[in-house]
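Student: What follows is a single structure, and I will ask about it in a moment.
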Amino acid sequence: MRVFQIEGEWGIDNLKISTRPDPKPGPGQVLLRMSASSINFRDPIVPERAYGSQSGNLPLIPVSDGVGDVIDVGAGVTRVKVGDRACPAYFQTWISGEPNANRLTQSLGGPLDGTMSEFMCLSEEGVVKVPDYLTNLEASTLPCAALTAWSALVECGRIKPGEQLLIQGSGGVALFALQFAKMLGARATVISSSDEKIERLKHMGADATINYRETPEWGKAARALTDGRGFDHILEVGGEKTLPQSLRCIRPGGTLSMIGILSGGAMSTSLGLIITRQVKLQGITVGHRDGLEAMMNAMAQHQIRPVVDKVFDFAELKASFNYLKTGAQFGKICISHDR
C-alpha cells in the first residue's frame, strides 16, 4: 500500500512517499480504505520530533485525522460493518471517562501511525461511524479539531443557552466552536486579525467581532460587549500573548479552555487574576471516542457542515503543511487520497 512516512531520521526532509505491506484485520479489528485526511497544527511539527519520545519510532506515518470506507472486518466486530464509513479516533484507547497516562499517549500520527496511508487496520473500539450527510473531506476534519471544540464547550465546559463565549481566531477549532455555540444557544464573540474573515464569521452567526490587530488591548473591548460582566467561557488558542487579555474579560467563576499555545508557551500574566476571581483554567487535549460519537450525532441532528478551506492531493502533503503555516486558511485544510 502507498504511505507517506518519516523514514531514516527525523526531519521534514525525510517525510516521503513509500510503500508498506497491505494490512489484514484480526479478531476485533477493522480495515479501512482511507479516502481523506485533514491537517492540524500538530502535524507539521511531528516530523521534527517536537514531542520527544512521545513522537514514536521511525518509520512513522503522520497526520492524525481522516476517514475511510470499511472494506473488511475481523471476527467479532459489531461497531461497524463492511460498506460503512468511519473515522479513526485520535486517541485509540481513550474510549470514555477521565484521561490517564496510557489514554493520552496512544494518539494517531505519533506515536501511532496516522492516516496518510492507503489502508488502516484498527481496533473496532477506535473507530466511529460517520453520518451519511457528510462528504469524505468534511468527515475527515472531525476527530481532532471538531472534538476539541466539543470537549471544551460541552464535555468539560457544560455551556448553556444564553451564556457568553469568546472564541479566538478562525481556524478549524474556532469555527467548530462557533457552530456548536450557535447550536447550543450561546452568544459568540470572535476575535480575528482579518476584516475579510470577520465578515465570514458574521455570516456564520458570530454575534460580535473584534479585529485584534486594530484593537491590541482587545480584552477591555471584549468585556464591554458583555456590559462589563465578562465572558462565561473563553476558547484560548494563543497562549502566552493572548492569555493576559483573556483574563481581563473572563467573568469571576468563568471557564477558560486552553487548547493551544500558538503565540508561545510561557506563563506571562498575573496568576492572582485566576485565584482572586476563581477562574477555572482547563486544558483540553482533543477528547475521548464516546465524545466523538456524541458530537457526530448532534451534528447530524442539526446538519452542521464543517468548513473546508482548501484541498490538496495525497502527494502534496508538504505543500499543505506550508499553507497551514501561512495562517491564510479559513477552516480546515484537507488531503484527498483519491486524486
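Starting from 1 in every chain, residues are counted up; chains themselves are A, B, ... following the order of the C-alpha cells, and ligands are numbered from 1 as listed.
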As a PyMOL selection string, list the residues of segment 126-314 of chain A assigned to alpha helix (DSSP H) by DSSP on the backbone atoms of this structure.
Tutor: chain A and resi 136-139+147-150+172-183+195-203+218-224+243-249+272-276+289-302
Student: If we count only C-alpha atoms and set the cut-off at 10 Å, which residues sit around Cys144 of chain A, ignoring sequence neighbours fewer than 4 positions away in its own chain? Please answer as a PyMOL selection string.
Tutor: chain A and resi 38-40+64-66+89-91+140+148-150+172-173+285-287+292
Student: Give me the segment 292-324 of chain A side of the contact with segment 120-131 of chain A, cut-off 9 Å, one line per residue showing its nearest atom pair and distance in Å at one decimal, counting only C-alpha atoms, sorted by chain and residue number, as a Markdown table.
Tutor:
| residue | atom | partner | partner_atom | distance |
| --- | --- | --- | --- | --- |
| A:Leu292 | CA | A:Val128 | CA | 7.5 |
| A:Glu293 | CA | A:Val128 | CA | 6.2 |
| A:Met296 | CA | A:Pro131 | CA | 7.0 |
| A:Asn297 | CA | A:Pro131 | CA | 7.7 |
| A:Met299 | CA | A:Pro131 | CA | 8.6 |
| A:Ala300 | CA | A:Pro131 | CA | 6.3 |
Student: Could the residues in this selection be written to a file with C-alpha atoms, as an mmCIF file, in the first residue's frame?
Tutor:
data_model
loop_
_atom_site.group_PDB
_atom_site.id
_atom_site.type_symbol
_atom_site.label_atom_id
_atom_site.label_comp_id
_atom_site.auth_asym_id
_atom_site.auth_seq_id
_atom_site.Cartn_x
_atom_site.Cartn_y
_atom_site.Cartn_z
ATOM 1 C CA LEU A 292 -16.635 11.974 19.199
ATOM 2 C CA GLU A 293 -19.651 9.733 18.717
ATOM 3 C CA MET A 296 -21.348 13.361 15.397
ATOM 4 C CA ASN A 297 -24.895 12.521 16.493
ATOM 5 C CA MET A 299 -24.035 17.410 14.187
ATOM 6 C CA ALA A 300 -26.252 15.035 12.219
#
Student: For a test of reading the model, state the distance in Å between atom CA of Asp69 of chain A and atom CA of Ser55 of chain A, rounded to one decimal.
Tutor: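 Going from atom CA of Asp69 of chain A over to atom CA of Ser55 of chain A, I get 27.1 Å.
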Student: For a quick check of understanding, using only C-alpha atoms, which of A:Gly253, A:Gly56, A:Gly28, A:Gly97 has the smallest distance to Arg289 of chain A?
Tutor: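 Nearest candidate to Arg289 of chain A out of A:Gly253, A:Gly56, A:Gly28, A:Gly97: A:Gly97.
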Student: So, with only C-alpha atoms as the atoms that count, which of A:Ala145, A:Ala139, A:Ile61, A:Ala221 lies closest to Leu175 of chain A?
Tutor: A:Ala145
Student: Report, in Å with one decimal, the straight-line distance from atom CA of Ala174 of chain A to atom CA of Asp232 of chain A.
Tutor: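 About the pair atom CA of Ala174 of chain A and atom CA of Asp232 of chain A: they are 16.4 Å apart.
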Student: Here is a test: counting only C-alpha atoms, which residue of A:Gln282, A:Thr78, A:Ser320, A:Gln92 is nearest to Leu108 of chain A?
Tutor: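 Among A:Gln282, A:Thr78, A:Ser320, A:Gln92, it is A:Gln92 that comes nearest to Leu108 of chain A.
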Student: Can you list every residue of segment 111-176 of chain A that has an atom at most 10 Å from segment 207-210 of chain A, with its nearest atom pair and the distance in Å to one decimal, using only C-alpha atoms, ordered by chain then number, as a tab-separated table?
Tutor:
residue	atom	partner	partner_atom	distance
A:Gln164	CA	A:Asp207	CA	9.9
A:Leu165	CA	A:Asp207	CA	10.0
A:Leu166	CA	A:Ala208	CA	9.3
A:Ile167	CA	A:Thr209	CA	9.5
A:Gln168	CA	A:Ile210	CA	9.8
Student: With N, CA and C atoms retained, export the selected residues as a PDB file, in the first residue's frame.
Tutor:
ATOM      1  N   GLN A 164     -22.251  33.552  27.483  1.00  0.00           N
ATOM      2  CA  GLN A 164     -21.368  34.331  26.622  1.00  0.00           C
ATOM      3  C   GLN A 164     -20.062  33.570  26.401  1.00  0.00           C
ATOM      4  N   LEU A 165     -19.698  33.399  25.128  1.00  0.00           N
ATOM      5  CA  LEU A 165     -18.479  32.691  24.741  1.00  0.00           C
ATOM      6  C   LEU A 165     -17.614  33.595  23.888  1.00  0.00           C
ATOM      7  N   LEU A 166     -16.309  33.634  24.182  1.00  0.00           N
ATOM      8  CA  LEU A 166     -15.350  34.328  23.324  1.00  0.00           C
ATOM      9  C   LEU A 166     -14.454  33.300  22.658  1.00  0.00           C
ATOM     10  N   ILE A 167     -14.298  33.426  21.345  1.00  0.00           N
ATOM     11  CA  ILE A 167     -13.518  32.492  20.535  1.00  0.00           C
ATOM     12  C   ILE A 167     -12.380  33.251  19.878  1.00  0.00           C
ATOM     13  N   GLN A 168     -11.195  32.687  19.907  1.00  0.00           N
ATOM     14  CA  GLN A 168     -10.038  33.324  19.295  1.00  0.00           C
ATOM     15  C   GLN A 168      -9.766  32.736  17.910  1.00  0.00           C
TER      16      GLN A 168
END
Student: Can you pull out every residue within 8 Å of Gly157 of chain A, counting only C-alpha atoms, but drop anything in the same chain fewer than 5 positions away, and send it as a PyMOL selection string?
Tutor: chain A and resi 151-152+233+255+257
Student: Just list the residues in segment 90-276 of chain A DSSP gives strand (DSSP E or B) on the backbone, as a VMD selection string.
Tutor: chain A and resid 91 107 to 108 112 117 119 to 123 127 to 129 164 to 168 187 to 192 208 to 211 231 to 236 250 to 258
Student: In Å, how far is it from atom CA of Leu31 of chain A to atom CA of Phe312 of chain A?
Tutor: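 Straight-line distance from atom CA of Leu31 of chain A to atom CA of Phe312 of chain A works out to 24.1 Å.
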Student: Might you pull out every residue within 7 Å of Gly219 of chain A, with only C-alpha atoms counted and same-chain residues fewer than 5 positions away left off, and present them as a PyMOL selection string?
Tutor: chain A and resi 245-246+248-249
Student: Restricting it to C-alpha atoms, dump the selection as a compact mmCIF listing (two decimals), in the first residue's frame.
Tutor:
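Contents of selection-v6.txt, as written:
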# COMPACT_ATOMS: atom_id res chain seq x y z
CA GLN A 245 -6.18 39.65 27.55
CA SER A 246 -8.44 36.67 28.15
CA ARG A 248 -9.17 40.71 31.55
CA CYS A 249 -12.51 39.69 30.08
Student: Wanna dump the segment 211-330 of chain A-segment 187-194 of chain A contacts at 7 Å for me, each residue with its shortest atom pair and the distance in Å to one decimal, counting only C-alpha atoms, ordered by chain and number, as a tab-separated table?
Tutor:
residue	atom	partner	partner_atom	distance
A:Asn211	CA	A:Ser192	CA	5.1
A:Tyr212	CA	A:Ser193	CA	5.4
A:Arg213	CA	A:Ser193	CA	5.3
Student: Please dump the current selection as a PDB file, in the first residue's frame; keep N, CA and C atoms.
Tutor:
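Ended up saving to out11.pdb:
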ATOM      1  N   ASN A 211     -11.484  43.055  15.638  1.00  0.00           N
ATOM      2  CA  ASN A 211     -10.229  42.905  14.914  1.00  0.00           C
ATOM      3  C   ASN A 211      -9.098  43.196  15.903  1.00  0.00           C
ATOM      4  N   TYR A 212      -8.364  42.162  16.300  1.00  0.00           N
ATOM      5  CA  TYR A 212      -7.376  42.358  17.354  1.00  0.00           C
ATOM      6  C   TYR A 212      -6.107  43.058  16.875  1.00  0.00           C
ATOM      7  N   ARG A 213      -5.922  43.170  15.560  1.00  0.00           N
ATOM      8  CA  ARG A 213      -4.801  43.977  15.069  1.00  0.00           C
ATOM      9  C   ARG A 213      -5.118  45.457  15.235  1.00  0.00           C
TER      10      ARG A 213
END
Student: Under the rule of at most 9 Å, produce a per-residue listing of segment 21-54 of chain A near segment 1-5 of chain A: chain, number, name, the closest pair of atoms, and the distance in Å, as JSON lines, using only C-alpha atoms.
Tutor:
{"residue": "A:Pro21", "atom": "CA", "partner": "A:Met1", "partner_atom": "CA", "distance": 6.0}
{"residue": "A:Asp22", "atom": "CA", "partner": "A:Met1", "partner_atom": "CA", "distance": 5.4}
{"residue": "A:Pro23", "atom": "CA", "partner": "A:Met1", "partner_atom": "CA", "distance": 8.6}
Student: Just want the 7 Å neighbourhood of Glu48 of chain A, counted on only C-alpha atoms, with same-chain residues fewer than 4 positions away dropped. Output as a PyMOL selection string.
Tutor: chain A and resi 10-12
Student: Please dump the current selection as an mmCIF file, in the first residue's frame; keep N, CA and C atoms.
Tutor:
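Written output follows (again.cif):
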data_model
loop_
_atom_site.group_PDB
_atom_site.id
_atom_site.type_symbol
_atom_site.label_atom_id
_atom_site.label_comp_id
_atom_site.auth_asym_id
_atom_site.auth_seq_id
_atom_site.Cartn_x
_atom_site.Cartn_y
_atom_site.Cartn_z
ATOM 1 N N TRP A 10 14.614 11.718 11.800
ATOM 2 C CA TRP A 10 13.586 12.738 11.970
ATOM 3 C C TRP A 10 13.924 13.962 11.134
ATOM 4 N N GLY A 11 12.910 14.668 10.699
ATOM 5 C CA GLY A 11 13.105 15.872 9.888
ATOM 6 C C GLY A 11 12.137 15.874 8.723
ATOM 7 N N ILE A 12 11.656 17.055 8.377
ATOM 8 C CA ILE A 12 10.657 17.173 7.315
ATOM 9 C C ILE A 12 11.205 16.700 5.979
#
Student: Which of these residues is nearest to Thr115 of chain A, using only C-alpha atoms: A:His337, A:Arg42, A:Lys325, A:His302?
Tutor: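 When distances to Thr115 of chain A are compared using only C-alpha atoms, the smallest one comes from A:His337.
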Student: Rank nothing, just name the residue among A:Met183, A:Met295, A:Ile259, A:Leu60 nearest to Asn14 of chain A, using only C-alpha atoms.
Tutor: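 Using only C-alpha atoms, Asn14 of chain A sits closest to A:Leu60.
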Student: Which is closer to Thr141 of chain A than all the others in A:Phe176, A:Thr226, A:Pro111, A:Met204, using only C-alpha atoms?
Tutor: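 Among the listed residues, the smallest separation from Thr141 of chain A belongs to A:Phe176.
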Student: Show me, as JSON, numbers by chain, the residues that have an atom within 12 Å of Glu9 of chain A when counting only C-alpha atoms, minus same-chain residues fewer than 6 positions from it.
Tutor: {"A": [15, 16, 47, 48, 49, 57, 58, 59, 60]}
